[in-house]
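Take a look at the structure set out below.
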Amino acid sequence: MGSDKAIGIFDSGVGGLTVLKEVAAHLPYENLIYLGDTARVPYGTKSPETVGRYAVEAAEFLVELGVKMIVVACNTASAVALDKLQQKYGVPVIGVIEPGAKRAAALTRTGRVGVVGTEGTIKSNAYARALKSFREDVEVASVACPLFVPLAEEGWADHEIARLAAAEYLTPIREGIDTLVLGCTHYPLLKKTLHTVLGDGVELVDSAEETARTVVEQIGVLRREDNGPGTTRFFVTDVPTRFERVGGAFLGNPLAGVKQVSISCI
Ligand code: DGL
C-alpha cells in the first residue's frame, strides 16, 4: 500500500514549526504541508468558539489539498477542537496534548506534574484531563505563560529577560513537581532557560517530540514507500515576510517560497 499524499500540519503561526521539524526528523521520506494561520495568530488568547472555527477552516484547507493525515500542531487548537476535527474528517487527526501528557504520566515519580501553556490551553484543562486519563492519581499544577511566545519569536529564549519571566511564572507551581510539560508550540525553544530555572530534578516534556513519535506510531499503512526525500510546502494566511524570518530561526534553516492563502469562510 503506502501513500505519497502529504501529512498536513497546522498551527496559528510560526510555532508549529517545532512540530514540523520533529515530524520531518522522524519521517524524512514523507511529503509535508504546513499551514500557519498568521493573519489570526494568536489563538492562545481567544475563546474556544473562535479557535474552534479557525481550526476547522485550517483543517478544511489541508483536506482540500488532499492530505492523508492532519497534525494539529497548535496546543490551543488541540485543547479545544481536536474531538470536533476527529469526528469531521475521514483522515487521522493527531493533536499534541495526548502525546505530551502520556509521556509526562509515565515519567513522573512524585506524581506531581507541572503544565505550562497559553491562557486558552490552561483554561481548557485539557492537559490535566489527559494526564489523569493515563494516571488517575496524578496531581497537576498548571500556569499560563503568555510572555514566552513573544520572547521566543524575538529570539530572546535564552535571554536574562526570559529567565526572569520563567522564574516569576513558575514560582506558584514548582513546589514538588518533577516533570514539566511544555504545552505550547514555542516553549521547546525555552528548554535551556527552563532547565536553568528549575534545575536537574525536573524533566521537561516536549510535546512536539512526543507528537512526532505518535505520528510514526499511527502512520501505519499510510507510510510513503518511496525512499526519495520528502518535499515540504509552506502556506500562511498573512504576508510571508515575518514567518520566513522568524520561522527560519525556529527551524534552523532559511525559509523561502512560503505562499500566502486565504482560508477564512467569513
Ligand atoms: N501555537 C500556540 C499554541 O501552541 C501558541 C501561539 C498562539 O497563541 O497562537 O498554543
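By convention here, the chains of the C-alpha cells are called A, B, ... in the order presented, each chain's residues are numbered starting at 1, and ligands are numbered starting at 1 in the order presented.
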
Based on the backbone DSSP call, show me all residues of segment 25-192 of chain A assigned strand (DSSP E), as an mmCIF file with all heavy atoms, in the first residue's frame.
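And here is the file that came out, part_23.cif:
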```
data_model
loop_
_atom_site.group_PDB
_atom_site.id
_atom_site.type_symbol
_atom_site.label_atom_id
_atom_site.label_comp_id
_atom_site.auth_asym_id
_atom_site.auth_seq_id
_atom_site.Cartn_x
_atom_site.Cartn_y
_atom_site.Cartn_z
ATOM 1 N N LEU A 32 5.320 16.889 3.312
ATOM 2 C CA LEU A 32 4.646 17.642 4.364
ATOM 3 C C LEU A 32 4.053 18.937 3.817
ATOM 4 O O LEU A 32 4.629 19.557 2.908
ATOM 5 C CB LEU A 32 5.637 17.997 5.485
ATOM 6 C CG LEU A 32 6.419 16.835 6.123
ATOM 7 C CD1 LEU A 32 7.418 17.372 7.144
ATOM 8 C CD2 LEU A 32 5.473 15.846 6.797
ATOM 9 N N ILE A 33 2.899 19.309 4.341
ATOM 10 C CA ILE A 33 2.312 20.620 4.030
ATOM 11 C C ILE A 33 2.077 21.315 5.360
ATOM 12 O O ILE A 33 1.431 20.750 6.256
ATOM 13 C CB ILE A 33 0.972 20.491 3.276
ATOM 14 C CG1 ILE A 33 1.189 19.834 1.908
ATOM 15 C CG2 ILE A 33 0.320 21.873 3.109
ATOM 16 C CD1 ILE A 33 -0.104 19.602 1.128
ATOM 17 N N TYR A 34 2.606 22.527 5.497
ATOM 18 C CA TYR A 34 2.451 23.280 6.742
ATOM 19 C C TYR A 34 1.600 24.510 6.481
ATOM 20 O O TYR A 34 1.814 25.244 5.514
ATOM 21 C CB TYR A 34 3.828 23.723 7.259
ATOM 22 C CG TYR A 34 3.757 24.442 8.584
ATOM 23 C CD1 TYR A 34 3.859 23.750 9.778
ATOM 24 C CD2 TYR A 34 3.591 25.825 8.640
ATOM 25 C CE1 TYR A 34 3.786 24.403 11.005
ATOM 26 C CE2 TYR A 34 3.512 26.486 9.860
ATOM 27 C CZ TYR A 34 3.622 25.764 11.043
ATOM 28 O OH TYR A 34 3.547 26.420 12.247
ATOM 29 N N LEU A 35 0.625 24.735 7.345
ATOM 30 C CA LEU A 35 -0.184 25.951 7.270
ATOM 31 C C LEU A 35 -0.057 26.723 8.580
ATOM 32 O O LEU A 35 -0.337 26.192 9.658
ATOM 33 C CB LEU A 35 -1.663 25.595 7.040
ATOM 34 C CG LEU A 35 -2.637 26.778 7.163
ATOM 35 C CD1 LEU A 35 -2.445 27.788 6.033
ATOM 36 C CD2 LEU A 35 -4.082 26.292 7.200
ATOM 37 N N GLY A 36 0.365 27.975 8.482
ATOM 38 C CA GLY A 36 0.422 28.865 9.650
ATOM 39 C C GLY A 36 -0.634 29.954 9.468
ATOM 40 O O GLY A 36 -0.581 30.709 8.494
ATOM 41 N N MET A 69 -3.252 12.776 6.454
ATOM 42 C CA MET A 69 -3.291 12.842 7.919
ATOM 43 C C MET A 69 -3.152 14.307 8.311
ATOM 44 O O MET A 69 -2.498 15.071 7.598
ATOM 45 C CB MET A 69 -2.097 12.043 8.462
ATOM 46 C CG MET A 69 -1.921 12.061 9.946
ATOM 47 S SD MET A 69 -0.383 11.236 10.425
ATOM 48 C CE MET A 69 -0.950 9.650 10.914
ATOM 49 N N ILE A 70 -3.780 14.694 9.417
ATOM 50 C CA ILE A 70 -3.644 16.080 9.888
ATOM 51 C C ILE A 70 -3.005 16.071 11.270
ATOM 52 O O ILE A 70 -3.438 15.317 12.152
ATOM 53 C CB ILE A 70 -5.018 16.784 9.971
ATOM 54 C CG1 ILE A 70 -5.643 16.902 8.571
ATOM 55 C CG2 ILE A 70 -4.891 18.170 10.612
ATOM 56 C CD1 ILE A 70 -7.069 17.452 8.573
ATOM 57 N N VAL A 71 -1.991 16.896 11.445
ATOM 58 C CA VAL A 71 -1.405 17.075 12.770
ATOM 59 C C VAL A 71 -1.751 18.482 13.247
ATOM 60 O O VAL A 71 -1.412 19.463 12.596
ATOM 61 C CB VAL A 71 0.139 16.889 12.733
ATOM 62 C CG1 VAL A 71 0.723 17.092 14.124
ATOM 63 C CG2 VAL A 71 0.504 15.513 12.183
ATOM 64 N N VAL A 72 -2.486 18.545 14.351
ATOM 65 C CA VAL A 72 -2.842 19.849 14.920
ATOM 66 C C VAL A 72 -1.678 20.252 15.824
ATOM 67 O O VAL A 72 -1.595 19.853 16.987
ATOM 68 C CB VAL A 72 -4.163 19.763 15.718
ATOM 69 C CG1 VAL A 72 -4.587 21.143 16.206
ATOM 70 C CG2 VAL A 72 -5.252 19.122 14.872
ATOM 71 N N VAL A 93 -6.537 12.419 12.596
ATOM 72 C CA VAL A 93 -6.193 13.767 13.086
ATOM 73 C C VAL A 93 -5.488 13.597 14.436
ATOM 74 O O VAL A 93 -6.049 13.034 15.372
ATOM 75 C CB VAL A 93 -7.448 14.650 13.260
ATOM 76 C CG1 VAL A 93 -7.054 16.054 13.721
ATOM 77 C CG2 VAL A 93 -8.256 14.733 11.956
ATOM 78 N N ILE A 94 -4.249 14.059 14.492
ATOM 79 C CA ILE A 94 -3.441 13.873 15.701
ATOM 80 C C ILE A 94 -3.180 15.217 16.365
ATOM 81 O O ILE A 94 -2.772 16.176 15.703
ATOM 82 C CB ILE A 94 -2.103 13.182 15.324
ATOM 83 C CG1 ILE A 94 -2.413 11.775 14.811
ATOM 84 C CG2 ILE A 94 -1.144 13.135 16.510
ATOM 85 C CD1 ILE A 94 -1.218 11.042 14.288
ATOM 86 N N GLY A 95 -3.425 15.285 17.665
ATOM 87 C CA GLY A 95 -3.169 16.524 18.403
ATOM 88 C C GLY A 95 -1.897 16.396 19.223
ATOM 89 O O GLY A 95 -1.278 15.329 19.268
ATOM 90 N N ARG A 112 3.494 14.569 40.790
ATOM 91 C CA ARG A 112 3.075 15.969 40.645
ATOM 92 C C ARG A 112 3.722 16.528 39.364
ATOM 93 O O ARG A 112 4.945 16.584 39.244
ATOM 94 C CB ARG A 112 3.510 16.753 41.880
ATOM 95 C CG ARG A 112 2.928 18.147 41.921
ATOM 96 C CD ARG A 112 3.171 18.787 43.294
ATOM 97 N NE ARG A 112 3.221 20.221 43.201
ATOM 98 C CZ ARG A 112 2.162 21.030 43.171
ATOM 99 N NH1 ARG A 112 0.949 20.509 43.240
ATOM 100 N NH2 ARG A 112 2.305 22.327 43.093
ATOM 101 N N VAL A 113 2.840 16.885 38.427
ATOM 102 C CA VAL A 113 3.310 17.313 37.104
ATOM 103 C C VAL A 113 2.919 18.768 36.869
ATOM 104 O O VAL A 113 1.782 19.168 37.119
ATOM 105 C CB VAL A 113 2.668 16.414 36.006
ATOM 106 C CG1 VAL A 113 3.013 16.915 34.613
ATOM 107 C CG2 VAL A 113 3.107 14.965 36.177
ATOM 108 N N GLY A 114 3.866 19.546 36.372
ATOM 109 C CA GLY A 114 3.580 20.931 36.005
ATOM 110 C C GLY A 114 3.226 21.006 34.523
ATOM 111 O O GLY A 114 3.706 20.212 33.716
ATOM 112 N N VAL A 115 2.337 21.939 34.184
ATOM 113 C CA VAL A 115 1.988 22.154 32.770
ATOM 114 C C VAL A 115 2.046 23.653 32.507
ATOM 115 O O VAL A 115 1.461 24.442 33.259
ATOM 116 C CB VAL A 115 0.568 21.642 32.438
ATOM 117 C CG1 VAL A 115 0.223 21.938 30.981
ATOM 118 C CG2 VAL A 115 0.426 20.150 32.721
ATOM 119 N N VAL A 116 2.755 24.040 31.444
ATOM 120 C CA VAL A 116 2.759 25.449 31.032
ATOM 121 C C VAL A 116 2.194 25.540 29.624
ATOM 122 O O VAL A 116 2.404 24.643 28.802
ATOM 123 C CB VAL A 116 4.178 26.074 31.112
ATOM 124 C CG1 VAL A 116 4.542 26.396 32.548
ATOM 125 C CG2 VAL A 116 5.252 25.177 30.480
ATOM 126 N N GLY A 117 1.446 26.601 29.347
ATOM 127 C CA GLY A 117 0.830 26.753 28.028
ATOM 128 C C GLY A 117 0.235 28.134 27.885
ATOM 129 O O GLY A 117 0.447 29.008 28.732
ATOM 130 N N GLU A 139 -1.164 14.615 40.204
ATOM 131 C CA GLU A 139 -1.572 15.946 40.667
ATOM 132 C C GLU A 139 -1.017 16.947 39.655
ATOM 133 O O GLU A 139 0.176 16.899 39.341
ATOM 134 C CB GLU A 139 -0.919 16.167 42.028
ATOM 135 C CG GLU A 139 -1.684 17.039 42.977
ATOM 136 C CD GLU A 139 -0.816 17.332 44.184
ATOM 137 O OE1 GLU A 139 -0.331 16.356 44.805
ATOM 138 O OE2 GLU A 139 -0.599 18.502 44.453
ATOM 139 N N VAL A 140 -1.879 17.805 39.127
ATOM 140 C CA VAL A 140 -1.434 18.694 38.049
ATOM 141 C C VAL A 140 -1.413 20.146 38.519
ATOM 142 O O VAL A 140 -2.396 20.629 39.084
ATOM 143 C CB VAL A 140 -2.356 18.559 36.810
ATOM 144 C CG1 VAL A 140 -1.830 19.387 35.647
ATOM 145 C CG2 VAL A 140 -2.499 17.096 36.390
ATOM 146 N N ALA A 141 -0.291 20.807 38.295
ATOM 147 C CA ALA A 141 -0.167 22.233 38.638
ATOM 148 C C ALA A 141 0.108 22.990 37.343
ATOM 149 O O ALA A 141 1.137 22.758 36.708
ATOM 150 C CB ALA A 141 0.981 22.414 39.616
ATOM 151 N N SER A 142 -0.829 23.837 36.919
ATOM 152 C CA SER A 142 -0.635 24.490 35.612
ATOM 153 C C SER A 142 -0.600 26.002 35.721
ATOM 154 O O SER A 142 -1.227 26.587 36.606
ATOM 155 C CB SER A 142 -1.732 24.145 34.623
ATOM 156 O OG SER A 142 -2.606 23.196 35.100
ATOM 157 N N VAL A 143 0.094 26.589 34.766
ATOM 158 C CA VAL A 143 0.126 28.047 34.719
ATOM 159 C C VAL A 143 0.310 28.517 33.270
ATOM 160 O O VAL A 143 1.052 27.910 32.494
ATOM 161 C CB VAL A 143 1.234 28.617 35.657
ATOM 162 C CG1 VAL A 143 2.635 28.283 35.187
ATOM 163 C CG2 VAL A 143 1.097 30.119 35.820
ATOM 164 N N ALA A 144 -0.411 29.573 32.921
ATOM 165 C CA ALA A 144 -0.239 30.168 31.590
ATOM 166 C C ALA A 144 0.991 31.080 31.606
ATOM 167 O O ALA A 144 1.222 31.794 32.576
ATOM 168 C CB ALA A 144 -1.482 30.984 31.239
ATOM 169 N N THR A 179 8.297 16.905 36.820
ATOM 170 C CA THR A 179 8.090 16.842 35.377
ATOM 171 C C THR A 179 7.331 18.100 34.962
ATOM 172 O O THR A 179 6.377 18.487 35.646
ATOM 173 C CB THR A 179 7.225 15.595 35.022
ATOM 174 O OG1 THR A 179 7.803 14.454 35.664
ATOM 175 C CG2 THR A 179 7.166 15.353 33.530
ATOM 176 N N LEU A 180 7.759 18.708 33.867
ATOM 177 C CA LEU A 180 7.046 19.895 33.369
ATOM 178 C C LEU A 180 6.726 19.679 31.893
ATOM 179 O O LEU A 180 7.615 19.422 31.082
ATOM 180 C CB LEU A 180 7.903 21.155 33.520
ATOM 181 C CG LEU A 180 7.226 22.452 33.043
ATOM 182 C CD1 LEU A 180 6.165 22.923 34.050
ATOM 183 C CD2 LEU A 180 8.250 23.564 32.825
ATOM 184 N N VAL A 181 5.433 19.765 31.554
ATOM 185 C CA VAL A 181 5.017 19.613 30.153
ATOM 186 C C VAL A 181 5.079 20.977 29.470
ATOM 187 O O VAL A 181 4.475 21.940 29.944
ATOM 188 C CB VAL A 181 3.575 19.069 30.051
ATOM 189 C CG1 VAL A 181 3.195 18.867 28.588
ATOM 190 C CG2 VAL A 181 3.413 17.771 30.824
ATOM 191 N N LEU A 182 5.803 21.029 28.364
ATOM 192 C CA LEU A 182 5.883 22.270 27.584
ATOM 193 C C LEU A 182 4.688 22.266 26.637
ATOM 194 O O LEU A 182 4.770 21.783 25.505
ATOM 195 C CB LEU A 182 7.205 22.336 26.813
ATOM 196 C CG LEU A 182 8.464 22.064 27.652
ATOM 197 C CD1 LEU A 182 9.717 22.199 26.808
ATOM 198 C CD2 LEU A 182 8.517 23.007 28.847
ATOM 199 N N GLY A 183 3.567 22.813 27.118
ATOM 200 C CA GLY A 183 2.300 22.692 26.398
ATOM 201 C C GLY A 183 2.014 23.836 25.453
ATOM 202 O O GLY A 183 0.895 24.349 25.403
#
```

Distance filter 8 Å around ligand 1, atoms: only C-alpha atoms and all ligand atoms, out as a tab-separated table (two decimals) with all heavy atoms, in the first residue's frame:
```tsv
chain	number	residue	atom	x	y	z
A	11	ASP	N	-0.88	25.24	12.44
A	11	ASP	CA	-0.71	25.98	13.69
A	11	ASP	C	-1.24	27.39	13.49
A	11	ASP	O	-1.51	27.81	12.35
A	11	ASP	CB	0.79	26.02	14.06
A	11	ASP	CG	1.03	26.80	15.35
A	11	ASP	OD1	0.29	26.58	16.32
A	11	ASP	OD2	1.94	27.65	15.38
A	12	SER	N	-1.33	28.14	14.58
A	12	SER	CA	-1.76	29.53	14.48
A	12	SER	C	-0.70	30.38	13.77
A	12	SER	O	-1.01	31.47	13.29
A	12	SER	CB	-1.99	30.08	15.88
A	12	SER	OG	-0.84	29.87	16.67
A	13	GLY	N	0.53	29.93	13.73
A	13	GLY	CA	1.56	30.75	13.11
A	13	GLY	C	2.84	29.97	12.92
A	13	GLY	O	2.85	28.86	12.38
A	14	VAL	N	3.90	30.55	13.47
A	14	VAL	CA	5.24	30.02	13.24
A	14	VAL	C	5.61	28.89	14.22
A	14	VAL	O	6.44	28.04	13.92
A	14	VAL	CB	6.22	31.23	13.35
A	14	VAL	CG1	6.51	31.60	14.79
A	14	VAL	CG2	7.47	31.04	12.57
A	15	GLY	N	4.95	28.88	15.39
A	15	GLY	CA	5.35	27.97	16.46
A	15	GLY	C	5.30	26.50	16.09
A	15	GLY	O	6.15	25.71	16.50
A	16	GLY	N	4.31	26.14	15.28
A	16	GLY	CA	4.14	24.74	14.91
A	16	GLY	C	5.31	24.18	14.10
A	16	GLY	O	5.39	22.97	13.88
A	41	VAL	N	-3.21	34.81	14.23
A	41	VAL	CA	-2.43	34.49	15.43
A	41	VAL	C	-2.54	35.69	16.39
A	41	VAL	O	-2.63	36.82	15.91
A	41	VAL	CB	-0.95	34.20	15.04
A	41	VAL	CG1	-0.20	35.46	14.59
A	41	VAL	CG2	-0.21	33.47	16.13
A	42	PRO	N	-2.59	35.55	17.72
A	42	PRO	CA	-2.50	34.32	18.48
A	42	PRO	C	-3.86	33.64	18.68
A	42	PRO	O	-4.88	34.30	18.71
A	42	PRO	CB	-1.96	34.80	19.83
A	42	PRO	CG	-2.56	36.17	20.00
A	42	PRO	CD	-2.65	36.74	18.60
A	43	TYR	N	-3.83	32.32	18.83
A	43	TYR	CA	-5.03	31.57	19.20
A	43	TYR	C	-5.14	31.52	20.75
A	43	TYR	O	-6.23	31.36	21.28
A	43	TYR	CB	-4.95	30.13	18.70
A	43	TYR	CG	-5.21	29.91	17.22
A	43	TYR	CD1	-5.34	30.97	16.31
A	43	TYR	CD2	-5.31	28.61	16.72
A	43	TYR	CE1	-5.58	30.73	14.96
A	43	TYR	CE2	-5.55	28.36	15.37
A	43	TYR	CZ	-5.69	29.42	14.50
A	43	TYR	OH	-5.92	29.18	13.17
A	44	GLY	N	-4.00	31.63	21.40
A	44	GLY	CA	-3.92	31.37	22.84
A	44	GLY	C	-4.74	32.29	23.71
A	44	GLY	O	-5.06	31.97	24.85
A	45	THR	N	-5.11	33.47	23.19
A	45	THR	CA	-5.87	34.43	23.99
A	45	THR	C	-7.33	34.47	23.56
A	45	THR	O	-8.11	35.24	24.09
A	45	THR	CB	-5.28	35.85	23.80
A	45	THR	OG1	-5.17	36.10	22.39
A	45	THR	CG2	-3.91	35.98	24.44
A	73	ALA	N	-0.74	21.02	15.26
A	73	ALA	CA	0.48	21.35	16.00
A	73	ALA	C	0.22	22.34	17.12
A	73	ALA	O	0.97	22.41	18.09
A	73	ALA	CB	1.52	21.91	15.03
A	74	CYS	N	-0.84	23.12	16.98
A	74	CYS	CA	-1.16	24.15	17.98
A	74	CYS	C	-1.78	23.53	19.22
A	74	CYS	O	-2.80	22.84	19.12
A	74	CYS	CB	-2.11	25.15	17.34
A	74	CYS	SG	-2.59	26.47	18.46
A	75	ASN	N	-1.18	23.79	20.37
A	75	ASN	CA	-1.73	23.24	21.62
A	75	ASN	C	-3.10	23.79	21.92
A	75	ASN	O	-3.99	23.06	22.37
A	75	ASN	CB	-0.79	23.56	22.79
A	75	ASN	CG	0.46	22.73	22.79
A	75	ASN	OD1	0.62	21.84	23.61
A	75	ASN	ND2	1.37	23.00	21.88
A	76	THR	N	-3.29	25.09	21.67
A	76	THR	CA	-4.58	25.70	21.97
A	76	THR	C	-5.68	25.08	21.11
A	76	THR	O	-6.75	24.73	21.60
A	76	THR	CB	-4.52	27.23	21.76
A	76	THR	OG1	-3.34	27.75	22.39
A	76	THR	CG2	-5.74	27.92	22.32
A	77	ALA	N	-5.40	24.92	19.82
A	77	ALA	CA	-6.39	24.30	18.92
A	77	ALA	C	-6.61	22.84	19.29
A	77	ALA	O	-7.74	22.34	19.26
A	77	ALA	CB	-5.93	24.44	17.47
A	117	GLY	N	1.45	26.60	29.35
A	117	GLY	CA	0.83	26.75	28.03
A	117	GLY	C	0.23	28.13	27.88
A	117	GLY	O	0.45	29.01	28.73
A	118	THR	N	-0.54	28.32	26.84
A	118	THR	CA	-1.22	29.60	26.64
A	118	THR	C	-2.42	29.68	27.61
A	118	THR	O	-2.83	28.66	28.19
A	118	THR	CB	-1.78	29.73	25.21
A	118	THR	OG1	-2.78	28.73	25.03
A	118	THR	CG2	-0.70	29.61	24.16
A	120	GLY	N	-5.51	29.94	26.82
A	120	GLY	CA	-6.57	29.07	26.30
A	120	GLY	C	-6.35	27.61	26.65
A	120	GLY	O	-7.27	26.91	27.07
A	121	THR	N	-5.11	27.16	26.50
A	121	THR	CA	-4.78	25.76	26.80
A	121	THR	C	-4.95	25.49	28.29
A	121	THR	O	-5.55	24.47	28.68
A	121	THR	CB	-3.33	25.45	26.36
A	121	THR	OG1	-3.24	25.67	24.95
A	121	THR	CG2	-2.92	24.04	26.70
A	146	PRO	N	2.06	33.59	29.01
A	146	PRO	CA	1.88	34.27	27.72
A	146	PRO	C	3.12	34.98	27.17
A	146	PRO	O	3.26	35.09	25.95
A	146	PRO	CB	0.73	35.26	27.99
A	146	PRO	CG	0.51	35.26	29.45
A	146	PRO	CD	1.07	34.01	30.01
A	149	VAL	N	5.74	33.28	24.34
A	149	VAL	CA	5.56	33.27	22.88
A	149	VAL	C	6.33	34.44	22.22
A	149	VAL	O	7.19	34.21	21.37
A	149	VAL	CB	4.06	33.25	22.49
A	149	VAL	CG1	3.87	33.54	21.01
A	149	VAL	CG2	3.45	31.89	22.84
A	183	GLY	N	3.57	22.81	27.12
A	183	GLY	CA	2.30	22.69	26.40
A	183	GLY	C	2.01	23.84	25.45
A	183	GLY	O	0.90	24.35	25.40
A	184	CYS	N	3.00	24.23	24.70
A	184	CYS	CA	2.82	25.29	23.70
A	184	CYS	C	3.91	25.12	22.66
A	184	CYS	O	5.04	24.75	22.98
A	184	CYS	CB	2.94	26.66	24.37
A	184	CYS	SG	2.90	28.04	23.21
A	185	THR	N	3.54	25.40	21.41
A	185	THR	CA	4.47	25.20	20.30
A	185	THR	C	5.82	25.90	20.49
A	185	THR	O	6.84	25.40	20.04
A	185	THR	CB	3.86	25.75	19.01
A	185	THR	OG1	3.32	27.05	19.28
A	185	THR	CG2	2.78	24.84	18.48
A	186	HIS	N	5.79	27.08	21.11
A	186	HIS	CA	7.01	27.89	21.20
A	186	HIS	C	7.95	27.46	22.33
A	186	HIS	O	9.12	27.81	22.32
A	186	HIS	CB	6.64	29.35	21.46
A	186	HIS	CG	5.98	30.04	20.32
A	186	HIS	ND1	4.78	29.62	19.79
A	186	HIS	CD2	6.36	31.13	19.59
A	186	HIS	CE1	4.43	30.43	18.80
A	186	HIS	NE2	5.38	31.35	18.65
```

Give the helix (DSSP H, G or I) residues of segment 143-217 of chain A, as DSSP finds them on the backbone, and put them as a PyMOL selection string. chain A and resi 148-153+160-170+187-198+207-217

Nearest to His195 of chain A: which of A:Val67, A:His26, A:Arg163, A:Lys5 is it, counting only C-alpha atoms? A:Arg163

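Relative to atom CA of Ile7 of chain A, atom CA of Arg223 of chain A is found at 9.9 Å.
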
Contact residues around Glu168 of chain A with only C-alpha atoms at 12 Å, ignoring same-chain residues under 2 positions, as a list in words: Val143, Ala144, Cys145, Leu147, Phe148, Ile161, Ala162, Arg163, Leu164, Ala165, Ala166, Leu170, Thr171, Pro172, Ile173, Arg174, Leu194, Val197 and Leu198 of chain A

If you take only C-alpha atoms and a cut-off of 10 Å, which residues of segment 74-141 of chain A touch segment 49-52 of chain A, and what are their nearest atom pairs and distances in Å to one decimal, in chain and number order, as a tab-separated table?
```
residue	atom	partner	partner_atom	distance
A:Thr76	CA	A:Val51	CA	7.7
A:Ala77	CA	A:Val51	CA	6.1
A:Ser78	CA	A:Gly52	CA	9.2
A:Ala79	CA	A:Gly52	CA	9.6
A:Val80	CA	A:Gly52	CA	6.4
A:Ala81	CA	A:Gly52	CA	5.1
A:Leu82	CA	A:Gly52	CA	8.7
A:Lys84	CA	A:Gly52	CA	8.2
A:Leu85	CA	A:Gly52	CA	9.0
A:Gly120	CA	A:Val51	CA	9.1
```

Between A:Leu189, A:Gly66, A:Asp238, A:Ser124, smallest distance to Pro48 of chain A by only C-alpha atoms belongs to A:Ser124

Have a look at atom CA of Ile263 of chain A and atom CA of Glu57 of chain A and let me know their distance in Å, one decimal.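 About the pair atom CA of Ile263 of chain A and atom CA of Glu57 of chain A: they are 6.0 Å apart.
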
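With only C-alpha atoms as the atoms that count, the residue of A:Ile219, A:Ala104, A:Val56, A:Leu62 with the shortest distance to Ser207 of chain A is A:Ala104.
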
List the spatial neighbours of Pro28 of chain A as an MDAnalysis selection string - criterion: any atom at most 7 Å away, only C-alpha atoms, same-chain residues fewer than 2 positions off excluded. chainID A and resid 24:26 30 229:230

For Lys191 of chain A, work out the shell of residues within 9 Å, counting only C-alpha atoms and skipping chain neighbours fewer than 5 positions away, then give it as a PyMOL selection string. chain A and resi 157-158+182+196+204+206

Pairwise distance, atom CA of Pro92 of chain A with atom CA of Val19 of chain A, equals 16.6 Å

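Distance annotation: of A:Asp83, A:Glu203, A:Glu154, A:Glu22, the residue with the minimal separation from Gly247 of chain A is A:Glu154; atom set is only C-alpha atoms.
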
Can you pull out the residues contacting Pro254 of chain A? Cut-off 8 Å, using only C-alpha atoms, and skip same-chain residues under 3 positions away; I want them as a PyMOL selection string. chain A and resi 244-245+247-249+251
